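Heads up, the thing below is written out as structure tokens.
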Amino acid sequence: MATGRTHRPATRSRGIPEATVARLPLYLRALTALSERSVPTVSSEELAAAAGVNSAKLRKDFSYLGSYGTRGVGYDVEYLVYQISRELGLTQDWPVVIVGIGNLGAALANYGGFASRGFRVAALIDADPAMAGKPVAGIPVQHTDDLEKIIEDNGVSIGVIATPAGAAQQVCDRLVAAGVTSILNFAPTVLSVPDGVDVRKVDLSIELQILAFHEQRKAGEETAAGDGALPAATAHAVAADESTDQGPDGDVPAVMPA
């Protein structure tokens, strides 16, 4: 069985832009829903709407995969599911370790979507001796003292950090030293990693703060509709948003860059 240690996704070698890579899971989710409803084909407009992007961007993204659809017919749903899954590396087994089995770590361990998307939770690791041997989602928790051996024995290249912020960097360093080259970080801190290690950060509080900004802006726009002008602070924020938040291809940069 293939593992993450010796097989890497083909996206980088094929020169697919990172912005496109970030949208591939959105397309895959929409296509999987169509497949489950036994929909055989889908137009670029329908798929773009389901994925939340515009159809021109979708067609450009698919051109990097060498998939152009058929005029008047659209895209073959099952073939696109396979093609995108292959490009993302989801047609092979990716063993994952989760470090930090508190409320969040336990919730991640119980998430049923990993297996159906090409990921296998190989081990759960925690620093609390009282947690050792305790089953979570049917997997016994192991102590951090054994982290390096666990990584080696399971051929793990993807690690999930769900520890408190103060412990995250040390855990990250140990994961990297043991051979992990991709990290999903749920700890509320920025991790420092060497070249060749990819980090994706998930921070729910930051996402909520950004939503609060947009709610405030909408409230300001409603006030302006009555007053005829935006409040100065809101107008400045809107101007800054419209003038500086565009990426090189017109995309809004990721809230939490890798």
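Labels for the structure tokens follow display order: chains A, B, ..., residues from 1 in each chain, ligands from 1.
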Exercise for the section: Quick one: everything within 12 Å of Val39 in chain A, counting only C-alpha atoms, minus sequence neighbours fewer than 4 positions away in the same chain. Send it as a VMD selection string. Expected result: chain A and resid 30 to 35 43 46 to 47 74 to 78
Exercise for the section: Please provide as a ChimeraX atom specification all residues within 7 Å of Phe186 in chain A, with the sequence filter that same-chain residues fewer than 2 positions apart are discarded (counting only C-alpha atoms). Expected result: /A:161-162,184,188,201-203
Let's have the selection written as a PDB file, in the first residue's frame, with N, CA, C and O atoms.
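Output (part-v3.pdb):
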```pdb
ATOM      1  N   ILE A 161      -1.544  19.329  14.243  1.00  0.00           N
ATOM      2  CA  ILE A 161      -1.224  19.842  15.572  1.00  0.00           C
ATOM      3  C   ILE A 161      -2.465  20.499  16.161  1.00  0.00           C
ATOM      4  O   ILE A 161      -2.989  21.471  15.612  1.00  0.00           O
ATOM      5  N   ALA A 162      -2.936  19.943  17.286  1.00  0.00           N
ATOM      6  CA  ALA A 162      -4.114  20.490  17.963  1.00  0.00           C
ATOM      7  C   ALA A 162      -3.792  20.734  19.429  1.00  0.00           C
ATOM      8  O   ALA A 162      -4.650  20.595  20.304  1.00  0.00           O
ATOM      9  N   LEU A 184      -0.825  20.417   9.366  1.00  0.00           N
ATOM     10  CA  LEU A 184      -2.064  21.178   9.508  1.00  0.00           C
ATOM     11  C   LEU A 184      -2.102  21.679  10.941  1.00  0.00           C
ATOM     12  O   LEU A 184      -2.164  20.886  11.883  1.00  0.00           O
ATOM     13  N   PRO A 188      -3.286  28.169  17.996  1.00  0.00           N
ATOM     14  CA  PRO A 188      -3.351  29.602  17.714  1.00  0.00           C
ATOM     15  C   PRO A 188      -1.989  30.279  17.779  1.00  0.00           C
ATOM     16  O   PRO A 188      -1.741  31.161  18.603  1.00  0.00           O
ATOM     17  N   LYS A 201      -2.589  26.667   8.183  1.00  0.00           N
ATOM     18  CA  LYS A 201      -3.056  27.083   9.502  1.00  0.00           C
ATOM     19  C   LYS A 201      -4.567  27.257   9.493  1.00  0.00           C
ATOM     20  O   LYS A 201      -5.123  27.886   8.594  1.00  0.00           O
ATOM     21  N   VAL A 202      -5.218  26.698  10.502  1.00  0.00           N
ATOM     22  CA  VAL A 202      -6.657  26.856  10.672  1.00  0.00           C
ATOM     23  C   VAL A 202      -6.889  27.562  11.997  1.00  0.00           C
ATOM     24  O   VAL A 202      -6.577  27.019  13.055  1.00  0.00           O
ATOM     25  N   ASP A 203      -7.405  28.796  11.940  1.00  0.00           N
ATOM     26  CA  ASP A 203      -7.644  29.568  13.155  1.00  0.00           C
ATOM     27  C   ASP A 203      -9.079  30.090  13.121  1.00  0.00           C
ATOM     28  O   ASP A 203      -9.400  31.033  12.402  1.00  0.00           O
TER      29      ASP A 203
END
```
Handout entry: Polymer residues at most 12 Å from Ala107 in chain A, only C-alpha atoms, same-chain spacing of 5 or more positions, as a PyMOL selection string
Key = chain A and resi 98+100-102+112-113+124+136-137+162
Handout entry: Neighbour list for Ala49 in chain A as a ChimeraX atom specification, cut-off 12 Å, only C-alpha atoms, skip fewer than 6 positions in-chain
Key = /A:26-27,30-31,42-43,55-58
Practice task
Pick out each residue of range 7-254 of chain A that DSSP on the backbone tags as helix (DSSP H, G or I); I need them as a VMD selection string.
Solution key: chain A and resid 18 to 36 44 to 51 55 to 64 77 to 88 103 to 109 113 to 116 129 to 131 144 to 154 165 to 178 204 to 227 232 to 244
Problem - All strand (DSSP E) positions in range 77-233 of chain A, as a ChimeraX atom specification - result: /A:94-99,119-126,135-136,139-143,158-161,182-185,198-201
Fill in the blank from the handout: Closest of A:Ile139, A:Ala212, A:Val190, A:Ile16 to Asn110 in chain A, counting only C-alpha atoms, is A:Ile139
